[in-house]
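Asks: Sharing model-v4.cif here; it has mmCIF, C-alpha atoms (C1' of nucleotides).
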data_my_file
loop_
_atom_site.label_atom_id
_atom_site.label_comp_id
_atom_site.auth_asym_id
_atom_site.auth_seq_id
_atom_site.Cartn_x
_atom_site.Cartn_y
_atom_site.Cartn_z
CA MET A 1 193.51 -5.09 103.31
CA THR A 2 195.70 -3.32 105.82
CA THR A 3 194.27 -1.58 108.86
CA ARG A 4 195.22 1.72 107.32
CA ASP A 5 193.22 0.99 104.19
CA GLU A 6 190.27 -0.20 106.23
CA ILE A 7 190.32 3.07 108.15
CA LEU A 8 190.41 5.06 104.91
CA GLN A 9 187.47 3.11 103.53
CA ALA A 10 185.42 3.48 106.70
CA ALA A 11 186.21 7.19 106.92
CA LEU A 12 185.12 7.73 103.32
CA GLU A 13 181.77 6.06 103.96
CA ARG A 14 181.18 7.79 107.30
CA PHE A 15 182.08 11.23 105.99
CA ALA A 16 179.83 10.74 102.96
CA ARG A 17 176.86 9.51 104.96
CA PHE A 18 176.99 11.65 108.10
CA GLY A 19 179.28 14.50 107.11
CA TYR A 20 182.83 15.24 108.23
CA LEU A 21 181.71 17.27 111.22
CA GLY A 22 179.04 14.71 112.04
CA SER A 23 181.56 11.88 112.22
CA SER A 24 183.93 11.21 115.10
CA ILE A 25 187.25 9.41 115.07
CA GLN A 26 185.84 7.03 117.67
CA GLN A 27 182.98 6.03 115.38
CA ILE A 28 185.34 5.33 112.49
CA ALA A 29 187.54 3.25 114.79
CA ASP A 30 184.48 1.28 115.90
CA ASP A 31 183.49 0.65 112.27
CA VAL A 32 186.89 -0.86 111.61
CA GLY A 33 187.05 -2.66 114.94
CA THR A 34 190.11 -0.86 116.20
CA SER A 35 190.82 1.92 118.69
CA LYS A 36 190.73 5.69 118.34
CA SER A 37 194.42 5.72 119.18
CA SER A 38 195.09 3.38 116.28
CA VAL A 39 193.36 5.75 113.87
CA LEU A 40 195.46 8.61 115.21
CA TYR A 41 198.57 6.51 114.87
CA HIS A 42 198.00 6.08 111.13
CA PHE A 43 196.83 9.65 110.54
CA ASP A 44 198.09 12.74 112.31
CA SER A 45 194.66 14.26 112.76
CA LYS A 46 191.05 13.98 111.68
CA GLU A 47 191.69 16.47 108.89
CA ALA A 48 194.72 14.51 107.71
CA LEU A 49 192.46 11.46 107.52
CA LEU A 50 190.01 13.37 105.34
CA GLU A 51 192.87 14.52 103.12
CA ALA A 52 194.19 10.99 102.69
CA ALA A 53 190.72 9.64 101.97
CA MET A 54 190.04 12.24 99.27
CA GLN A 55 193.45 12.05 97.62
CA PRO A 56 192.90 9.16 95.15
CA THR A 57 189.79 10.88 93.83
CA MET A 58 191.49 14.23 93.48
CA ASP A 59 194.44 12.56 91.76
CA ALA A 60 192.14 10.86 89.26
CA LEU A 61 190.41 14.14 88.47
CA THR A 62 193.73 15.93 88.21
CA ASP A 63 194.83 13.36 85.62
CA LEU A 64 191.66 14.10 83.70
CA VAL A 65 192.35 17.82 83.76
CA GLY A 66 195.95 17.22 82.72
CA ALA A 67 194.75 15.48 79.57
CA LEU A 68 192.55 18.39 78.56
CA PRO A 69 194.92 20.62 76.56
CA ALA A 70 195.42 17.87 73.97
CA LEU A 71 191.72 17.92 73.21
CA GLN A 72 191.26 21.63 72.78
CA GLU A 73 191.80 21.61 69.01
CA ASP A 74 188.34 20.39 68.14
CA LYS A 75 186.27 20.89 71.22
CA LEU A 76 182.99 19.84 69.77
CA ALA A 77 184.30 16.53 68.50
CA ALA A 78 186.20 15.81 71.70
CA ALA A 79 183.33 16.61 74.06
CA PRO A 80 181.60 13.20 74.11
CA ALA A 81 184.80 11.38 75.01
CA LEU A 82 185.67 13.94 77.65
CA VAL A 83 182.24 13.89 79.24
CA THR A 84 182.25 10.10 79.22
CA ARG A 85 185.60 9.97 80.97
CA PHE A 86 184.45 12.56 83.46
CA VAL A 87 181.27 10.69 84.30
CA ASP A 88 183.14 7.41 84.67
CA THR A 89 185.61 9.00 87.04
CA LEU A 90 182.85 10.49 89.16
CA MET A 91 181.03 7.17 89.33
CA ALA A 92 184.18 5.32 90.32
CA HIS A 93 184.66 7.68 93.26
CA SER A 94 181.11 8.36 94.32
CA ALA A 95 181.78 8.53 98.06
CA ALA A 96 184.49 11.16 97.73
CA VAL A 97 182.39 13.04 95.17
CA SER A 98 179.55 13.02 97.66
CA ILE A 99 181.77 14.49 100.37
CA PHE A 100 183.05 17.19 98.05
CA VAL A 101 179.68 18.16 96.65
CA THR A 102 177.69 18.29 99.85
CA GLN A 103 180.30 19.69 102.19
CA ARG A 104 182.49 22.05 100.25
CA GLY A 105 180.66 24.97 101.81
CA ALA A 106 181.42 23.88 105.35
CA LEU A 107 184.98 22.74 104.55
CA GLN A 108 186.15 25.70 102.48
CA ASP A 109 189.61 25.80 104.03
CA VAL A 110 190.42 22.10 103.76
CA PRO A 111 193.16 21.57 101.13
CA ALA A 112 191.39 18.64 99.44
CA ILE A 113 188.27 20.76 98.94
CA VAL A 114 190.27 23.71 97.63
CA ARG A 115 191.92 21.40 95.16
CA GLY A 116 188.55 20.03 94.11
CA ASN A 117 187.24 23.52 93.43
CA GLN A 118 190.17 24.24 91.11
CA ILE A 119 189.62 20.98 89.25
CA VAL A 120 185.93 21.68 88.73
CA ASP A 121 186.69 25.17 87.42
CA ALA A 122 189.16 23.78 84.92
CA ILE A 123 186.78 21.13 83.66
CA ALA A 124 183.87 23.53 83.39
CA ALA A 125 185.94 26.01 81.39
CA THR A 126 186.95 23.31 78.94
CA LEU A 127 183.49 21.84 78.55
CA VAL A 128 181.88 25.06 77.47
CA LEU A 129 181.69 24.58 73.74
CA GLU A 130 180.60 28.00 72.64
CA ALA A 131 181.52 31.48 73.73
CA PRO A 132 181.41 31.22 77.53
CA THR A 133 178.39 33.31 78.36
CA THR A 134 176.78 33.42 81.76
CA ARG A 135 173.97 31.34 80.40
CA THR A 136 176.06 28.45 79.12
CA LEU A 137 178.26 28.42 82.20
CA THR A 138 175.25 28.28 84.49
CA ARG A 139 173.60 25.55 82.43
CA LEU A 140 176.72 23.45 82.64
CA SER A 141 176.93 24.07 86.38
CA ILE A 142 173.40 22.79 86.77
CA GLY A 143 174.33 19.63 84.93
CA LEU A 144 177.59 19.08 86.78
CA ALA A 145 176.05 19.71 90.17
CA GLY A 146 172.98 17.65 89.36
CA VAL A 147 174.96 14.64 88.23
CA ALA A 148 177.32 14.81 91.18
CA PHE A 149 174.38 15.20 93.49
CA ILE A 150 172.48 12.17 92.25
CA LEU A 151 175.69 10.19 92.57
CA ALA A 152 176.05 11.38 96.13
CA ASP A 153 172.43 10.57 96.86
CA ALA A 154 172.73 7.08 95.42
CA SER A 155 175.70 6.30 97.64
CA GLU A 156 174.34 7.66 100.88
CA THR A 157 170.60 7.12 100.98
CA THR A 158 168.55 3.96 100.82
CA HIS A 159 165.88 4.91 98.31
CA GLU A 160 165.90 3.53 94.82
CA HIS A 161 168.02 4.59 91.88
CA PRO A 162 168.49 3.33 88.33
CA SER A 163 171.23 0.83 87.66
CA PRO A 164 174.73 2.31 87.34
CA ALA A 165 174.86 1.49 83.64
CA GLU A 166 171.57 3.25 83.06
CA MET A 167 172.63 6.27 85.11
CA ARG A 168 175.88 6.48 83.16
CA GLU A 169 174.08 6.74 79.82
CA ILE A 170 171.66 9.37 81.07
CA PHE A 171 174.39 11.41 82.75
CA ILE A 172 176.50 11.54 79.61
CA GLU A 173 173.57 12.38 77.37
CA THR A 174 172.22 15.10 79.62
CA LEU A 175 175.58 16.72 80.29
CA LEU A 176 176.35 16.86 76.58
CA GLU A 177 172.97 18.38 75.88
CA LEU A 178 173.55 21.07 78.47
CA CYS A 179 176.96 22.09 77.17
CA MET A 180 176.13 21.97 73.48
CA PRO A 181 174.94 24.99 71.51
CA GLU A 182 171.15 25.22 71.45
CA ASP A 183 170.42 23.36 68.21
CA GLY A 184 173.06 20.67 68.64
CA THR A 185 171.87 17.09 68.48
CA VAL A 186 174.25 14.81 70.26
CA GLU A 187 175.11 11.19 69.82
CA THR A 188 176.17 9.34 72.90
CA ARG A 189 178.80 6.64 72.85
CA LYS A 190 178.32 3.32 74.56
CA ASP A 191 181.96 3.08 75.57
CA ALA A 192 184.74 5.50 76.37
CA MET B 193 162.60 41.94 114.97
CA THR B 194 162.10 39.88 118.10
CA THR B 195 164.91 37.91 119.69
CA ARG B 196 163.16 34.74 118.64
CA ASP B 197 163.16 35.83 115.00
CA GLU B 198 166.78 36.89 115.20
CA ILE B 199 167.69 33.46 116.51
CA LEU B 200 165.77 31.79 113.68
CA GLN B 201 167.53 33.93 111.10
CA ALA B 202 170.98 33.32 112.57
CA ALA B 203 170.33 29.58 112.83
CA LEU B 204 169.27 29.41 109.19
CA GLU B 205 172.45 31.11 108.06
CA ARG B 206 174.74 29.08 110.34
CA PHE B 207 173.18 25.76 109.41
CA ALA B 208 173.41 26.60 105.73
CA ARG B 209 177.02 27.71 105.87
CA PHE B 210 178.58 25.28 108.35
CA GLY B 211 176.04 22.48 108.53
CA TYR B 212 173.66 21.54 111.32
CA LEU B 213 176.19 19.26 113.01
CA GLY B 214 178.92 21.81 112.47
CA SER B 215 177.02 24.55 114.25
CA SER B 216 176.61 24.88 118.01
CA ILE B 217 173.88 26.59 119.97
CA GLN B 218 176.55 28.76 121.58
CA GLN B 219 177.72 30.05 118.18
CA ILE B 220 174.18 30.94 117.15
CA ALA B 221 173.68 32.74 120.45
CA ASP B 222 176.90 34.68 119.87
CA ASP B 223 175.74 35.67 116.37
CA VAL B 224 172.58 37.15 117.83
CA GLY B 225 174.33 38.63 120.85
CA THR B 226 172.43 36.63 123.42
CA SER B 227 173.13 33.61 125.60
CA LYS B 228 172.91 29.90 124.91
CA SER B 229 170.28 29.67 127.64
CA SER B 230 168.19 32.26 125.85
CA VAL B 231 168.21 30.19 122.68
CA LEU B 232 167.12 27.14 124.67
CA TYR B 233 164.41 29.18 126.29
CA HIS B 234 162.84 30.00 122.93
CA PHE B 235 163.37 26.52 121.46
CA ASP B 236 163.20 23.25 123.34
CA SER B 237 166.27 21.79 121.67
CA LYS B 238 168.71 22.24 118.81
CA GLU B 239 166.57 20.02 116.62
CA ALA B 240 163.44 22.00 117.48
CA LEU B 241 165.32 25.11 116.36
CA LEU B 242 166.12 23.48 113.03
CA GLU B 243 162.49 22.47 112.64
CA ALA B 244 161.25 25.98 113.33
CA ALA B 245 163.79 27.49 110.96
CA MET B 246 162.80 25.18 108.11
CA GLN B 247 159.07 25.43 108.62
CA PRO B 248 158.25 28.55 106.54
CA THR B 249 160.08 27.04 103.57
CA MET B 250 158.36 23.70 103.89
CA ASP B 251 155.00 25.43 104.25
CA ALA B 252 155.60 27.42 101.07
CA LEU B 253 156.52 24.28 99.16
CA THR B 254 153.54 22.42 100.60
CA ASP B 255 151.30 25.20 99.30
CA LEU B 256 152.86 24.71 95.89
CA VAL B 257 152.22 20.99 95.97
CA GLY B 258 148.68 21.58 97.14
CA ALA B 259 148.00 23.65 94.03
CA LEU B 260 149.20 20.90 91.72
CA PRO B 261 146.04 18.81 91.14
CA ALA B 262 144.29 21.77 89.55
CA LEU B 263 146.96 21.90 86.88
CA GLN B 264 147.02 18.25 85.92
CA GLU B 265 144.49 18.62 83.10
CA ASP B 266 146.92 20.00 80.60
CA LYS B 267 150.35 19.27 81.96
CA LEU B 268 152.31 20.54 79.02
CA ALA B 269 150.62 23.93 79.02
CA ALA B 270 150.80 24.29 82.79
CA ALA B 271 154.46 23.35 83.09
CA PRO B 272 156.03 26.79 82.50
CA ALA B 273 153.91 28.43 85.19
CA LEU B 274 154.56 25.62 87.62
CA VAL B 275 158.29 25.63 87.04
CA THR B 276 158.39 29.38 87.38
CA ARG B 277 156.57 29.26 90.69
CA PHE B 278 158.79 26.49 91.88
CA VAL B 279 161.98 28.35 91.00
CA ASP B 280 160.71 31.54 92.63
CA THR B 281 159.91 29.67 95.83
CA LEU B 282 163.32 28.06 95.93
CA MET B 283 165.04 31.40 95.38
CA ALA B 284 162.99 33.06 98.10
CA HIS B 285 164.14 30.42 100.60
CA SER B 286 167.69 29.74 99.46
CA ALA B 287 169.16 29.21 102.93
CA ALA B 288 166.64 26.53 103.89
CA VAL B 289 166.94 24.98 100.43
CA SER B 290 170.68 24.83 100.95
CA ILE B 291 170.25 23.05 104.28
CA PHE B 292 167.86 20.55 102.81
CA VAL B 293 169.88 19.81 99.70
CA THR B 294 173.30 19.43 101.26
CA GLN B 295 172.36 17.75 104.52
CA ARG B 296 169.41 15.53 103.88
CA GLY B 297 171.69 12.52 103.88
CA ALA B 298 173.02 13.26 107.36
CA LEU B 299 169.65 14.37 108.73
CA GLN B 300 167.45 11.59 107.40
CA ASP B 301 165.40 11.25 110.58
CA VAL B 302 164.68 14.94 111.13
CA PRO B 303 160.97 15.64 110.50
CA ALA B 304 161.60 18.74 108.39
CA ILE B 305 163.87 16.77 106.07
CA VAL B 306 161.40 13.89 105.81
CA ARG B 307 158.74 16.39 104.88
CA GLY B 308 161.02 17.94 102.28
CA ASN B 309 161.63 14.57 100.66
CA GLN B 310 157.90 13.98 100.29
CA ILE B 311 157.43 17.42 98.73
CA VAL B 312 160.21 16.87 96.21
CA ASP B 313 158.78 13.50 95.22
CA ALA B 314 155.36 15.04 94.63
CA ILE B 315 156.75 17.87 92.53
CA ALA B 316 158.96 15.59 90.48
CA ALA B 317 156.07 13.24 89.73
CA THR B 318 153.97 16.12 88.51
CA LEU B 319 156.68 17.72 86.43
CA VAL B 320 157.31 14.65 84.33
CA LEU B 321 155.44 15.50 81.16
CA GLU B 322 155.65 12.23 79.33
CA ALA B 323 155.37 8.63 80.42
CA PRO B 324 157.57 8.53 83.53
CA THR B 325 160.48 6.45 82.36
CA THR B 326 163.71 6.07 84.28
CA ARG B 327 165.37 8.37 81.80
CA THR B 328 162.99 11.29 82.17
CA LEU B 329 162.86 10.98 85.94
CA THR B 330 166.62 11.00 86.18
CA ARG B 331 166.93 13.94 83.83
CA LEU B 332 164.53 15.93 85.91
CA SER B 333 166.36 14.95 89.08
CA ILE B 334 169.56 16.28 87.57
CA GLY B 335 167.85 19.60 86.87
CA LEU B 336 166.17 19.86 90.23
CA ALA B 337 169.29 18.94 92.14
CA GLY B 338 171.47 21.17 89.99
CA VAL B 339 169.28 24.22 90.43
CA ALA B 340 168.93 23.70 94.15
CA PHE B 341 172.63 23.18 94.42
CA ILE B 342 173.62 26.36 92.64
CA LEU B 343 171.19 28.21 94.85
CA ALA B 344 172.81 26.67 97.90
CA ASP B 345 176.25 27.52 96.59
CA ALA B 346 175.31 31.11 95.91
CA SER B 347 174.06 31.59 99.46
CA GLU B 348 176.97 29.97 101.25
CA THR B 349 180.15 30.61 99.33
CA THR B 350 181.85 33.81 98.37
CA HIS B 351 182.68 33.20 94.72
CA GLU B 352 180.79 34.90 91.98
CA HIS B 353 177.38 34.06 90.59
CA PRO B 354 175.09 35.64 88.01
CA SER B 355 172.51 38.12 89.20
CA PRO B 356 169.36 36.58 90.71
CA ALA B 357 167.25 37.75 87.78
CA GLU B 358 169.63 36.13 85.32
CA MET B 359 169.77 32.92 87.32
CA ARG B 360 166.00 32.81 87.47
CA GLU B 361 165.65 32.89 83.69
CA ILE B 362 168.27 30.22 83.15
CA PHE B 363 166.85 27.98 85.86
CA ILE B 364 163.36 28.08 84.38
CA GLU B 365 164.55 27.53 80.85
CA THR B 366 166.85 24.64 81.71
CA LEU B 367 164.36 22.89 83.97
CA LEU B 368 161.66 23.06 81.30
CA GLU B 369 164.07 21.70 78.74
CA LEU B 370 164.92 18.76 80.96
CA CYS B 371 161.34 17.79 81.66
CA MET B 372 159.98 18.26 78.14
CA PRO B 373 159.79 15.47 75.58
CA GLU B 374 162.89 15.29 73.42
CA ASP B 375 161.81 17.43 70.50
CA GLY B 376 159.95 20.03 72.51
CA THR B 377 161.00 23.61 72.07
CA VAL B 378 160.04 25.67 75.05
CA GLU B 379 159.19 29.27 75.49
CA THR B 380 160.03 30.84 78.80
CA ARG B 381 157.89 33.43 80.46
CA LYS B 382 159.31 36.58 81.95
CA ASP B 383 156.85 36.60 84.81
CA ALA B 384 154.87 34.04 86.72
"C1'" DT C 385 151.14 46.59 146.28
"C1'" DC C 386 150.94 42.09 144.83
"C1'" DG C 387 151.39 38.07 142.25
"C1'" DA C 388 151.63 36.17 137.30
"C1'" DC C 389 154.05 35.83 133.40
"C1'" DA C 390 157.59 36.34 129.83
"C1'" DT C 391 162.42 37.01 129.04
"C1'" DC C 392 166.89 36.12 130.01
"C1'" DT C 393 171.17 34.58 132.47
"C1'" DG C 394 175.21 32.06 134.82
"C1'" DA C 395 176.39 28.01 137.05
"C1'" DC C 396 176.44 23.53 136.37
"C1'" DC C 397 175.79 18.54 134.48
"C1'" DG C 398 177.39 14.23 132.12
"C1'" DA C 399 178.95 13.01 127.65
"C1'" DT C 400 181.80 13.39 123.94
"C1'" DC C 401 185.08 15.80 121.18
"C1'" DG C 402 190.11 15.80 118.99
"C1'" DG C 403 194.43 14.87 120.51
"C1'" DT C 404 198.76 13.41 123.61
"C1'" DC C 405 201.53 10.13 125.76
"C1'" DA C 406 203.69 6.31 128.02
"C1'" DG C 407 203.88 1.86 127.40
"C1'" DT C 408 202.96 -3.04 125.39
"C1'" DA C 409 203.40 -6.75 121.89
"C1'" DC C 410 205.82 -8.48 118.31
"C1'" DA C 411 208.46 -9.36 114.05
"C1'" DG C 412 212.84 -8.76 111.95
"C1'" DT C 413 217.93 -8.11 112.22
"C1'" DG C 414 222.80 -8.03 113.97
"C1'" DC D 415 220.72 -12.42 122.96
"C1'" DA D 416 219.90 -7.34 122.55
"C1'" DC D 417 218.14 -3.81 119.75
"C1'" DT D 418 214.99 -1.40 116.48
"C1'" DG D 419 210.94 -0.12 114.19
"C1'" DT D 420 206.02 -0.88 113.43
"C1'" DA D 421 201.47 -1.46 115.07
"C1'" DC D 422 198.54 -0.70 118.56
"C1'" DT D 423 196.28 0.45 123.14
"C1'" DG D 424 194.24 2.61 127.51
"C1'" DA D 425 194.52 6.37 130.46
"C1'" DC D 426 194.24 10.86 130.37
"C1'" DC D 427 193.85 16.04 128.95
"C1'" DG D 428 191.33 20.49 128.24
"C1'" DA D 429 187.59 22.07 125.55
"C1'" DT D 430 183.13 21.97 123.99
"C1'" DC D 431 178.85 19.73 123.26
"C1'" DG D 432 173.45 19.83 124.21
"C1'" DG D 433 170.71 20.52 127.94
"C1'" DT D 434 168.86 21.60 133.04
"C1'" DC D 435 167.81 24.60 136.67
"C1'" DA D 436 167.36 28.15 140.09
"C1'" DG D 437 167.02 32.55 140.07
"C1'" DA D 438 167.21 37.74 138.39
"C1'" DT D 439 164.76 41.40 135.95
"C1'" DG D 440 161.07 43.80 134.05
"C1'" DT D 441 156.18 44.34 132.62
"C1'" DC D 442 151.80 43.52 133.15
"C1'" DG D 443 146.65 43.67 134.94
"C1'" DA D 444 144.07 43.20 139.34
#
Would you mind giving the structure from this file in structure tokens?

Replies:
Amino acid sequence: MTTRDEILQAALERFARFGYLGSSIQQIADDVGTSKSSVLYHFDSKEALLEAAMQPTMDALTDLVGALPALQEDKLAAAPALVTRFVDTLMAHSAAVSIFVTQRGALQDVPAIVRGNQIVDAIAATLVLEAPTTRTLTRLSIGLAGVAFILADASETTHEHPSPAEMREIFIETLLELCMPEDGTVETRKDA
Amino acid sequence: MTTRDEILQAALERFARFGYLGSSIQQIADDVGTSKSSVLYHFDSKEALLEAAMQPTMDALTDLVGALPALQEDKLAAAPALVTRFVDTLMAHSAAVSIFVTQRGALQDVPAIVRGNQIVDAIAATLVLEAPTTRTLTRLSIGLAGVAFILADASETTHEHPSPAEMREIFIETLLELCMPEDGTVETRKDA
DNA sequence: TCGACATCTGACCGATCGGTCAGTACAGTG
DNA sequence: CACTGTACTGACCGATCGGTCAGATGTCGA
């Protein structure tokens, strides 16, 4: 792994655990075993480092959003696959998801966070399977935020959580339940 | 309102919007229109200010937890009232809830956050209405985190949210649904 | 009139912040 | 050999951080 990649990795973990504002360039440099100047050689500024660290996650989610229009024909049938893909993507990028979820209030002007907000809006709009009332939108928001939050919690705190495989099943099931019409019984799929 | 109370109020809002680490004593003083020294006269340190600002919320939630044993006889019947009270308490203290939810990773050693974690554990344990399996505990966590998160979002960002009354209904309904056994149909109450 | 006390302030402290810059070490290329 | 570009570093900058302290001001009851 190159020094640059090590810095990105360390920054992602630091930002997720202690917050962007609670992390200093010096600390990240110490984690990697390099100097502050080295970090600032690879990245123009602290904010540029945050941007670079968040980019792979935002790209993956953008890909997901890009694939949405093809599914819109039969929303109800496509929902399980979409939710599964969404959950898998979140779980594969839990550190960046943690940063986005817990700090998007404080980092409202940061481009990566702005981009994340747009992505979430697009996904939420697609996942609503009935007429988008306030009620269904809010229910889905609860599910989305809750899932993202547990993911964040699992990656940043020490206390116990279910196994990833177990969490994945429960996330998918619960999200589907929250975005289905009231009487809908949902079957979960074991694989995407 | 006394200067001390004004400082508490301003601190709560600042911490919720920009994070504890992202807020300085000087900024809070400026919000109130006083000096940094004045803030440090009323509170021994920045952390003591956070503690004092969170205390009313933690006290309210502690009261809620204290009332729990009396309800344990018939959990299923008591759940709607408990959930309603819980939601109302959260909504009455949205700024402090926001601080707790979004920053408890970064502030793990702060007494107020430690206390909050204990409270949440107690409430979650009580709200689980069937045998506490991993699945039900995780589902409830999703609901709890999701509700708290939307509350935090509503108090710190500018974008639109449903009216408080509408949110309250949806929160109660969704939380009950997530902590009920699978087949349970739940009736919500309009008042606590 | 005289302390006693609460409230508040500006000057100041050492530490750390994000960031700049000149310069070093080195591998590759002609 | 000289030259170039990449990777990296330590010294340094002004600003701000949380916090201390000596005093200024006003309001009390004695």

Asks: Can you give me, as a PyMOL selection string, the residues this file yields under the PyMOL selection byres ((chain D) within 10 of (chain A))?

Replies: chain D and resi 421-424

Asks: Extract, using only C-alpha atoms (C1' of nucleotides), all DNA, RNA and protein residues at most 12 Å from DT413 (chain C), discarding same-chain residues fewer than 6 positions from it, and format them as a list in words.

Replies: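 With the cut-off at 12 Å, the set is DC415, DA416, DC417, DT418 and DG419 of chain D.
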
Asks: Dump as a ChimeraX atom specification the residues of chain B that approach chain A to within 9 Å, counting all atoms listed in the file.

Replies: /B:208-214,293-300,326-328,330-331,333-342,344-345,348-349,353-354,358-359,362-363,366,370

Asks: Based on only C-alpha atoms (C1' of nucleotides), which of the residues in chain C come within 10 Å of chain B? I want them as a list in words.

Replies: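 The complete set of qualifying residues is DT391, DC392, DT393 and DG394 of chain C.
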
Asks: Can you measure CA of Glu239 (chain B) to CA of Arg277 (chain B) for me? One decimal in Å is fine.

Replies: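 That distance, rounded to one decimal, is 29.3 Å.
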
Asks: What would the selection look like, as a PyMOL selection string, if the PyMOL selection byres ((chain D and resi 430-440) around 10) were run on the coordinates I just shared?

Replies: (chain B and resi 216-218+229+232+236-238) or (chain C and resi 390-397+399-401) or (chain D and resi 428-429+441-442)

Asks: For the provided coordinates, the residues matched by the PyMOL selection byres ((chain D and resi 443) around 12) should be stated as a list in words.

Replies: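 That expression, the PyMOL selection byres ((chain D and resi 443) around 12), corresponds here to DC386, DG387, DA388 and DC389 of chain C; DT441, DC442 and DA444 of chain D.
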
Asks: What does the structure give for the distance between CA of Met372 (chain B) and CA of Asp121 (chain A), in Å to one decimal?

Replies: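 Separation of CA of Met372 (chain B) and CA of Asp121 (chain A): 29.1 Å.
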
Asks: Using only C-alpha atoms (C1' of nucleotides), which residues sit within 12 Å of Thr126 (chain A) once same-chain residues fewer than 3 positions away are excluded, as number ranges by chain?

Replies: A: 64-76, 78-79, 82-83, 86, 119-123, 129-132, 137, 140, 179

Asks: Can you find the residues with an atom no farther than 9 Å from (167.4, 30.8, 104.2), counting all atoms listed in the file, and report them as a list in words?

Replies: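 Protein, DNA and RNA residues close to (167.4, 30.8, 104.2): Gln201, Leu204, Glu205, Ala208, Ala245, Met246, Thr249, Ala284, His285, Ser286, Ala287, Ala288, Val289, Ser290, Ile291 and Ser347 of chain B.
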
Asks: What gap, in Å, lies between CA of Thr254 (chain B) and CA of Val306 (chain B)?

Replies: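 These two atoms are separated by 12.7 Å.
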